[in-house]
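Please read the structure below before turning to the comments.
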Amino acid sequence: MEFLSYFFMDFVSQLQSPTLAFLIGGMIIAALGSKLEIPDAIYKFIVFMLLIRVGLSGGIAVRNGNLAEMILPALFSVVMGVLIVFIGRYTLAKLPNVKTVDAIATAGLFGAVSGSTMAAALTVLETQGMDYEPWAGALYPFMDIPALVTAIVVASVYINKQSASAGEDLSKQEDFSKQEYLSKQSVAAGEYPSPQEYPTTRKEYRSQQRITASGYPSKEPESVKIWPIVKESLEGSALSALLLGLALGLVTRPESVYESFYDPLFRGLLSILMLIMGMEAWSRVGELRKVAQWYVVYAVVAPLLHGLIAFGLGMVAHYATGFSLGGVVILAVIAASSSDISGPPTLRAGIPSANPSAYIGASTAIGTPIAIGLGIPLYIAIAHALMGG
Amino acid sequence: MEFLSYFFMDFVSQLQSPTLAFLIGGMIIAALGSKLEIPDAIYKFIVFMLLIRVGLSGGIAVRNGNLAEMILPALFSVVMGVLIVFIGRYTLAKLPNVKTVDAIATAGLFGAVSGSTMAAALTVLETQGMDYEPWAGALYPFMDIPALVTAIVVASVYINKQSASAGEDLSKQEDFSKQEYLSKQSVAAGEYPSPQEYPTTRKEYRSQQRITASGYPSKEPESVKIWPIVKESLEGSALSALLLGLALGLVTRPESVYESFYDPLFRGLLSILMLIMGMEAWSRVGELRKVAQWYVVYAVVAPLLHGLIAFGLGMVAHYATGFSLGGVVILAVIAASSSDISGPPTLRAGIPSANPSAYIGASTAIGTPIAIGLGIPLYIAIAHALMGG
Amino acid sequence: MEFLSYFFMDFVSQLQSPTLAFLIGGMIIAALGSKLEIPDAIYKFIVFMLLIRVGLSGGIAVRNGNLAEMILPALFSVVMGVLIVFIGRYTLAKLPNVKTVDAIATAGLFGAVSGSTMAAALTVLETQGMDYEPWAGALYPFMDIPALVTAIVVASVYINKQSASAGEDLSKQEDFSKQEYLSKQSVAAGEYPSPQEYPTTRKEYRSQQRITASGYPSKEPESVKIWPIVKESLEGSALSALLLGLALGLVTRPESVYESFYDPLFRGLLSILMLIMGMEAWSRVGELRKVAQWYVVYAVVAPLLHGLIAFGLGMVAHYATGFSLGGVVILAVIAASSSDISGPPTLRAGIPSANPSAYIGASTAIGTPIAIGLGIPLYIAIAHALMGG
């Protein structure tokens, strides 16, 4: 009862917080047909600024802190990344009118992490004065990479099995799905001149192609090479910025620019990013109409469920090694979030037969707003209830 | 006498203020042939930042304040927006070698509001310590939209009358003006790779086309639908940002990002915008050569005249409801300003037969520098004189 | 001995300073294949912000200070600009497999000045609390322009001599080199979607073409007009921003925006610029493979040598007119730096037969990292040693 009132008060106050207010504001003005446009260059720069700031603060924290206490939360992050894919594989993929590879790709995206959702959680925790380990942002890659790798491996295993039973028919089916994919590409390009074009640059695209050609099975359906997928993830712009910040925070002395530049601009830039994500979420709603309605159900339930499981694992770390409740909230939010920047291009390269409308629509239009708008207040309310209890 | 010395001192000190200094600096380096270029993405972002800041401060002010005192100034804003169009209709349009539709469109642009000119006035008032109602920035749409709507309606009425008297000839004339327009388009595109391309995006352009097709008379010249024009204005990027900021300031709690991000960056970003506008003003001077010289006279006189009329109306509100003298200055500056962002695309869609060189050249090359460089110091000097008296 | 320990300590601490750390970080992530991308618009904006800030602080300093004390350092800057070109002409150009015009263009680029390298030096001096004359940044054009002018004049004289001895053959050779140049252009464009495309805009390119056509000898090989080269330099985006800042600082009162906006953002933006330059340096390494290995030797030795000569001249000013040791360091760094923004397009227009791979590769891939990473710590260590002695 007290918990519900906590949650409700938190929720109302967070609807008014800049983070959530700008997200909802973006959705509303997009729905009203606003032509407001934040240039793509600004969007990319803001994402860079936020992730390098998260990395820098993490790196500085690890340098000054005790790395050992990070082991258990990092391990649980890996567990969550893998688990989320298997949950999707045995729930979403089993539903009627849902293609298995589409479901696996969607689960991979929901297992991967959104830097902006994480940044929103950090800001809300700071506003509410709830402590967390400064290295908590560094958990990002420990969940992001395993989720993408698992999704691509699971999809390959599935496709290979299909191929083994169907024999030669697969090649035809693949050809068809490739064509379908290409036609969808052009439709999407025409309809959504969005800030998040996947793949971002031609160069990036070519490098994905190369990896596809070398690392993924086309004629010899047995082997799935994992290193190219990991490398692809690490080289993406989001993880690059985060890891660069981590490394700089760890081995150099960036405190002066961190304190005078990256940290003070963090909240303001985040509010603009939330606005962009709100507009983007609305513009992607249309894509969901092209796929089975079960994706909507999954995109609403999955973030909350994943977050609650991660919260449970985080509480194990809380009692075992003193992981802070703020850190537990961050672990839950990372699990609840679905990737919006780095994930989609990796999945496109790794599971080319999956339909991007399914996973991008589910993630951007529903998953991210749910994770930020419901997930963050929910996990904070639970943490508050536990602190009070 | 004292007034003149006030004005002169104000004027000299404002020539040295960053706002005016960067504007003039931009004109000078453009005249000297500088290749300095502020990328278009930065320009759009700065405009967004300034307008959402003005909106946020207005929204926060209205939430904490008394909305009733806004009624009279808002009403006078509407009056000015309509009045300016009719002034242009019965002065500029009657001059030799001036096409009536071009004159109406130009008057519409001078009735519409420039967010950057308004931002410059707010900064100057703050620097001089002259108080104004924080919601004064929210007067923007109350003048902007009526001016654009009136201009388009008046132009339609005029074209319909012409059409009724000339019969079938109109269609030919329209075809010709469309061709002329297109050829001007391509010339302009070749000559001015400017930060203000109208219409901004292809999407925007298409939506305007759609509105034109549905809302404006082509075969049935009787009806002019007003709602599409209002909607077009509200959806434009400038008004969207301002209204979003207003709404967020009104119903959420954006104080933390406002105070840590939007407000501190306001003056610096404004200085860059002034630089861009100065360069832009110089690059548009050439367009004026293509139209009758009366546009130059109008563009010099109109901002000062409009501002003085609005100042008079503002003084009525000052004595009637205690509207501050700073607020009166803002009302005058809004009336003196001419739209540089949101106005031109709306006018292109609404009065397609008007020549963009006429209204954009007059507004950007002369109207805006006059409003900022002469108008703002003039109205402040008058306010000072009235405060002293 | 003490000097070496000073230098070593300085060097290690500077490797950890944000300036150098972001530069090296950029090189490392580019080497690891990161797809991190800072949009070109952001790059151009940062360069503008840094140079106008340097100009503003210089202008404010000159307004409040004593211009006379600037004369000797400015004179030495001119001397260095000219001298560096002649050093290159009689060392690099004499080496085997080095084409003379390529060597002269490379020397011109190493004589020209890098705004970002200078900004890095200013930041390091401020961090270390070493005083310098605030107008020191204004020395930039006094070295930059003479170096570019000298290089273009020396190259023209050389080409004319060749042409006089070879007669008609020159035209064929020129045609060939132009073709070679064009083919290199397209290869470069395909391989390096870099933030520094030369020439930056089509407009700029056309204006260069025009200058080439009018100012440089093609059929009448006698006359080299100097004014078009100077004008070209002054109009470039880098010098424009610097000189605009200088002028605004000198004749207006920009202190409010300088202190609230341009100065506080300086260090943070510089760290991002260093990151971009690091990535850029790595991506340009490949270009060096296309030219003689002597360019690598030159690019390593020249910055340090030029800096030491300038340091010596600066010490003359130190003893003669009290030029500060911090100012001496800046003079040395300006001499050590090689132009990355304004120089290349001017050289392309002025010495069209020179191979851009030679001078851009040598400067961006090696010269700049050496000047920042070794030059700055070296000159500061020498200054420390002299202060201690």
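All residue names refer to the structure tokens as shown: chains lettered A, B, ... in order, residues numbered from 1 in each chain, ligands numbered from 1 in order.
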Non-local contacts of B:Ile382 (10 Å; only C-alpha atoms; under 6 positions in same chain excluded) as number ranges by chain: B: 3-4, 6-7, 308, 311, 325, 329, 388
File of the preceding selection, C-alpha atoms, as a tab-separated table (two decimals), in the first residue's frame:
```
chain	number	residue	atom	x	y	z
B	3	PHE	CA	16.14	61.99	-25.08
B	4	LEU	CA	18.52	62.37	-27.99
B	6	TYR	CA	20.04	59.08	-24.06
B	7	PHE	CA	19.41	57.52	-27.42
B	308	LEU	CA	6.42	52.87	-32.45
B	311	PHE	CA	5.02	51.03	-28.21
B	325	LEU	CA	8.08	49.45	-19.57
B	329	VAL	CA	9.86	47.55	-25.27
B	388	GLY	CA	13.00	59.65	-16.07
```
Long-range neighbours of A:Leu72 as a CSV table (one decimal) with N, CA, C and O atoms, in the first residue's frame, 12 Å cut-off, only C-alpha atoms, 3 positions minimum in chain:
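Below is the file result.csv, written as the result:
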```
chain,number,residue,atom,x,y,z
A,67,LEU,N,38.1,-2.3,-7.7
A,67,LEU,CA,37.5,-3.0,-8.9
A,67,LEU,C,36.8,-4.3,-8.5
A,67,LEU,O,35.9,-4.8,-9.2
A,68,ALA,N,37.3,-4.9,-7.4
A,68,ALA,CA,36.8,-6.2,-7.0
A,68,ALA,C,35.2,-6.2,-6.8
A,68,ALA,O,34.5,-7.2,-7.2
A,69,GLU,N,34.7,-5.1,-6.3
A,69,GLU,CA,33.3,-5.1,-6.0
A,69,GLU,C,32.4,-5.0,-7.3
A,69,GLU,O,31.2,-5.1,-7.2
A,75,LEU,N,29.1,-9.8,-13.7
A,75,LEU,CA,28.7,-11.1,-14.0
A,75,LEU,C,27.2,-11.2,-14.2
A,75,LEU,O,26.7,-11.8,-15.1
A,76,PHE,N,26.4,-10.6,-13.3
A,76,PHE,CA,25.0,-10.6,-13.4
A,76,PHE,C,24.5,-9.9,-14.7
A,76,PHE,O,23.5,-10.2,-15.3
A,77,SER,N,25.3,-8.9,-15.1
A,77,SER,CA,25.0,-8.2,-16.4
A,77,SER,C,25.1,-9.2,-17.5
A,77,SER,O,24.2,-9.2,-18.4
A,78,VAL,N,26.2,-9.9,-17.6
A,78,VAL,CA,26.4,-10.9,-18.6
A,78,VAL,C,25.2,-11.9,-18.6
A,78,VAL,O,24.6,-12.2,-19.6
A,79,VAL,N,24.9,-12.4,-17.4
A,79,VAL,CA,23.8,-13.4,-17.2
A,79,VAL,C,22.5,-12.8,-17.8
A,79,VAL,O,21.8,-13.4,-18.6
A,136,ALA,N,28.9,2.2,-12.1
A,136,ALA,CA,27.8,1.4,-12.5
A,136,ALA,C,27.5,1.6,-14.0
A,136,ALA,O,27.1,0.6,-14.7
A,139,LEU,N,28.8,-1.0,-16.5
A,139,LEU,CA,28.2,-2.3,-16.7
A,139,LEU,C,27.6,-2.5,-18.1
A,139,LEU,O,27.4,-3.6,-18.5
A,142,PHE,N,28.9,-5.1,-20.5
A,142,PHE,CA,28.9,-6.5,-20.0
A,142,PHE,C,27.5,-7.1,-20.3
A,142,PHE,O,27.3,-8.3,-20.2
A,313,LEU,N,18.5,-10.0,-9.2
A,313,LEU,CA,20.0,-10.3,-9.2
A,313,LEU,C,20.8,-9.3,-8.5
A,313,LEU,O,21.7,-9.6,-7.7
A,314,GLY,N,20.4,-8.0,-8.7
A,314,GLY,CA,21.1,-6.9,-8.1
A,314,GLY,C,21.0,-7.0,-6.5
A,314,GLY,O,22.0,-6.7,-5.8
A,315,MET,N,19.8,-7.4,-6.1
A,315,MET,CA,19.7,-7.5,-4.6
A,315,MET,C,20.6,-8.6,-4.0
A,315,MET,O,21.0,-8.5,-2.9
A,316,VAL,N,20.8,-9.7,-4.8
A,316,VAL,CA,21.8,-10.7,-4.4
A,316,VAL,C,23.1,-10.1,-4.2
A,316,VAL,O,23.8,-10.3,-3.2
A,317,ALA,N,23.5,-9.2,-5.2
A,317,ALA,CA,24.8,-8.5,-5.0
A,317,ALA,C,24.8,-7.6,-3.9
A,317,ALA,O,25.8,-7.3,-3.2
A,318,HIS,N,23.6,-7.0,-3.6
A,318,HIS,CA,23.5,-6.0,-2.5
A,318,HIS,C,23.8,-6.7,-1.2
A,318,HIS,O,24.6,-6.2,-0.4
A,319,TYR,N,23.2,-7.9,-1.0
A,319,TYR,CA,23.4,-8.6,0.3
A,319,TYR,C,24.8,-9.3,0.3
A,319,TYR,O,25.4,-9.4,1.3
A,320,ALA,N,25.3,-9.7,-0.9
A,320,ALA,CA,26.5,-10.5,-0.9
A,320,ALA,C,27.7,-9.5,-0.8
A,320,ALA,O,28.7,-9.8,0.0
A,321,THR,N,27.7,-8.4,-1.5
A,321,THR,CA,29.0,-7.6,-1.6
A,321,THR,C,28.7,-6.1,-1.3
A,321,THR,O,29.5,-5.3,-1.5
A,322,GLY,N,27.5,-5.8,-0.9
A,322,GLY,CA,27.2,-4.4,-0.5
A,322,GLY,C,26.9,-3.5,-1.7
A,322,GLY,O,27.1,-2.3,-1.6
A,323,PHE,N,26.6,-4.1,-2.9
A,323,PHE,CA,26.2,-3.3,-4.0
A,323,PHE,C,25.1,-2.3,-3.6
A,323,PHE,O,24.1,-2.8,-3.0
A,327,GLY,N,22.8,1.3,-7.3
A,327,GLY,CA,23.4,0.5,-8.3
A,327,GLY,C,22.5,-0.6,-8.8
A,327,GLY,O,22.4,-0.9,-10.0
A,328,VAL,N,21.7,-1.1,-7.9
A,328,VAL,CA,20.7,-2.2,-8.2
A,328,VAL,C,19.7,-1.6,-9.2
A,328,VAL,O,19.3,-2.2,-10.2
A,331,LEU,N,21.3,-1.4,-12.6
A,331,LEU,CA,21.4,-2.7,-13.2
A,331,LEU,C,20.0,-3.1,-13.8
A,331,LEU,O,19.9,-3.6,-14.9
```
Contacts of stretch 85-91 of chain C at 8 Å (only C-alpha atoms; same-chain gap of 3+ positions) as number ranges by chain: C: 81-82, 94-95, 100, 103-104, 106-108, 110-111, 147, 150-151
All helix (DSSP H, G or I) positions in stretch 70-182 of chain A, as number ranges by chain: A: 70-90, 92-94, 100-111, 115-127, 134-166, 169-182
Interface list for chain A, partner chain B, 9 Å threshold, only C-alpha atoms, as number ranges by chain: A: 13, 15-19, 21-22, 25-26, 29, 32-42, 193, 264-269, 271
Residues of the last selection are to be written out with N, CA and C atoms, as a CSV table (one decimal), in the first residue's frame.
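So the final result, stored in again-v5.csv, reads:
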```csv
chain,number,residue,atom,x,y,z
A,13,SER,N,5.9,12.8,-9.9
A,13,SER,CA,7.0,13.8,-9.8
A,13,SER,C,8.0,13.6,-11.0
A,15,LEU,N,7.1,12.4,-14.0
A,15,LEU,CA,6.5,12.9,-15.2
A,15,LEU,C,6.8,14.4,-15.4
A,16,GLN,N,7.1,15.1,-14.3
A,16,GLN,CA,7.4,16.5,-14.4
A,16,GLN,C,8.9,16.7,-14.4
A,17,SER,N,9.7,15.7,-14.2
A,17,SER,CA,11.2,15.9,-14.3
A,17,SER,C,11.5,16.2,-15.7
A,18,PRO,N,12.6,16.9,-15.9
A,18,PRO,CA,13.0,17.3,-17.3
A,18,PRO,C,13.1,16.0,-18.2
A,19,THR,N,13.7,15.0,-17.6
A,19,THR,CA,14.0,13.8,-18.4
A,19,THR,C,12.7,13.2,-19.1
A,21,ALA,N,9.7,14.6,-19.0
A,21,ALA,CA,8.9,15.7,-19.6
A,21,ALA,C,9.3,15.9,-21.0
A,22,PHE,N,10.6,15.9,-21.3
A,22,PHE,CA,11.0,16.2,-22.7
A,22,PHE,C,10.7,15.0,-23.5
A,25,GLY,N,7.0,15.2,-24.1
A,25,GLY,CA,6.9,16.4,-25.0
A,25,GLY,C,7.2,16.1,-26.4
A,26,GLY,N,8.3,15.4,-26.6
A,26,GLY,CA,8.7,15.0,-28.0
A,26,GLY,C,7.6,14.1,-28.7
A,29,ILE,N,4.5,16.5,-29.5
A,29,ILE,CA,4.7,17.4,-30.7
A,29,ILE,C,4.8,16.6,-32.0
A,32,LEU,N,1.4,15.8,-32.9
A,32,LEU,CA,0.6,16.9,-33.4
A,32,LEU,C,1.1,17.4,-34.8
A,33,GLY,N,2.2,16.7,-35.3
A,33,GLY,CA,2.6,17.0,-36.6
A,33,GLY,C,3.7,18.1,-36.7
A,34,SER,N,4.3,18.4,-35.6
A,34,SER,CA,5.4,19.4,-35.6
A,34,SER,C,6.5,19.1,-36.5
A,35,LYS,N,7.0,20.1,-37.2
A,35,LYS,CA,8.2,20.0,-38.1
A,35,LYS,C,9.5,20.3,-37.4
A,36,LEU,N,9.4,20.4,-36.0
A,36,LEU,CA,10.7,20.6,-35.3
A,36,LEU,C,11.7,19.6,-35.6
A,37,GLU,N,12.9,20.0,-35.9
A,37,GLU,CA,13.9,19.1,-36.3
A,37,GLU,C,15.2,19.4,-35.6
A,38,ILE,N,15.8,18.4,-34.9
A,38,ILE,CA,17.1,18.6,-34.3
A,38,ILE,C,18.1,17.9,-35.3
A,39,PRO,N,19.0,18.6,-35.8
A,39,PRO,CA,19.8,18.0,-36.9
A,39,PRO,C,20.5,16.8,-36.4
A,40,ASP,N,20.7,15.9,-37.4
A,40,ASP,CA,21.4,14.6,-37.1
A,40,ASP,C,22.8,14.8,-36.5
A,41,ALA,N,23.5,15.8,-36.9
A,41,ALA,CA,24.8,16.0,-36.4
A,41,ALA,C,24.8,16.3,-34.9
A,42,ILE,N,23.7,17.1,-34.5
A,42,ILE,CA,23.6,17.4,-33.1
A,42,ILE,C,23.2,16.2,-32.3
A,193,PRO,N,12.8,9.9,-42.5
A,193,PRO,CA,14.1,10.5,-42.5
A,193,PRO,C,14.6,10.8,-41.1
A,264,PRO,N,28.8,19.2,-16.4
A,264,PRO,CA,27.8,20.3,-16.3
A,264,PRO,C,26.8,20.2,-17.5
A,265,LEU,N,27.3,19.8,-18.7
A,265,LEU,CA,26.4,19.8,-19.8
A,265,LEU,C,25.5,18.6,-19.9
A,266,PHE,N,25.8,17.6,-19.0
A,266,PHE,CA,25.1,16.3,-19.1
A,266,PHE,C,23.6,16.4,-19.1
A,267,ARG,N,23.0,17.0,-18.1
A,267,ARG,CA,21.6,17.0,-17.9
A,267,ARG,C,20.9,17.8,-19.0
A,268,GLY,N,21.5,18.9,-19.4
A,268,GLY,CA,20.8,19.7,-20.5
A,268,GLY,C,20.8,18.9,-21.8
A,269,LEU,N,22.0,18.3,-22.1
A,269,LEU,CA,22.0,17.6,-23.4
A,269,LEU,C,21.1,16.4,-23.3
A,271,SER,N,18.3,16.2,-21.8
A,271,SER,CA,16.9,16.7,-22.1
A,271,SER,C,16.6,16.8,-23.6
```
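Computed from the coordinates, the atom CA of C:Met143 to atom CA of B:Ile276 distance equals 28.4 Å.
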Surrounding residues of C:Leu275 excluding itself and chain neighbours under 2 positions, 6 Å, only C-alpha atoms, as a PyMOL selection string: chain C and resi 22-23+26+272-273+277-278
Residue contacts of A:Tyr295 (9 Å, only C-alpha atoms) excluding same-chain residues fewer than 6 positions away, as number ranges by chain: A: 92, 98, 103, 106, 288, 358-359, 361-362
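Distance-wise, atom CA of C:Val12 and atom CA of C:Pro134 end up 26.9 Å apart.
Note that the spacing between atom CA of C:Pro228 and atom CA of C:Thr368 amounts to 27.3 Å.
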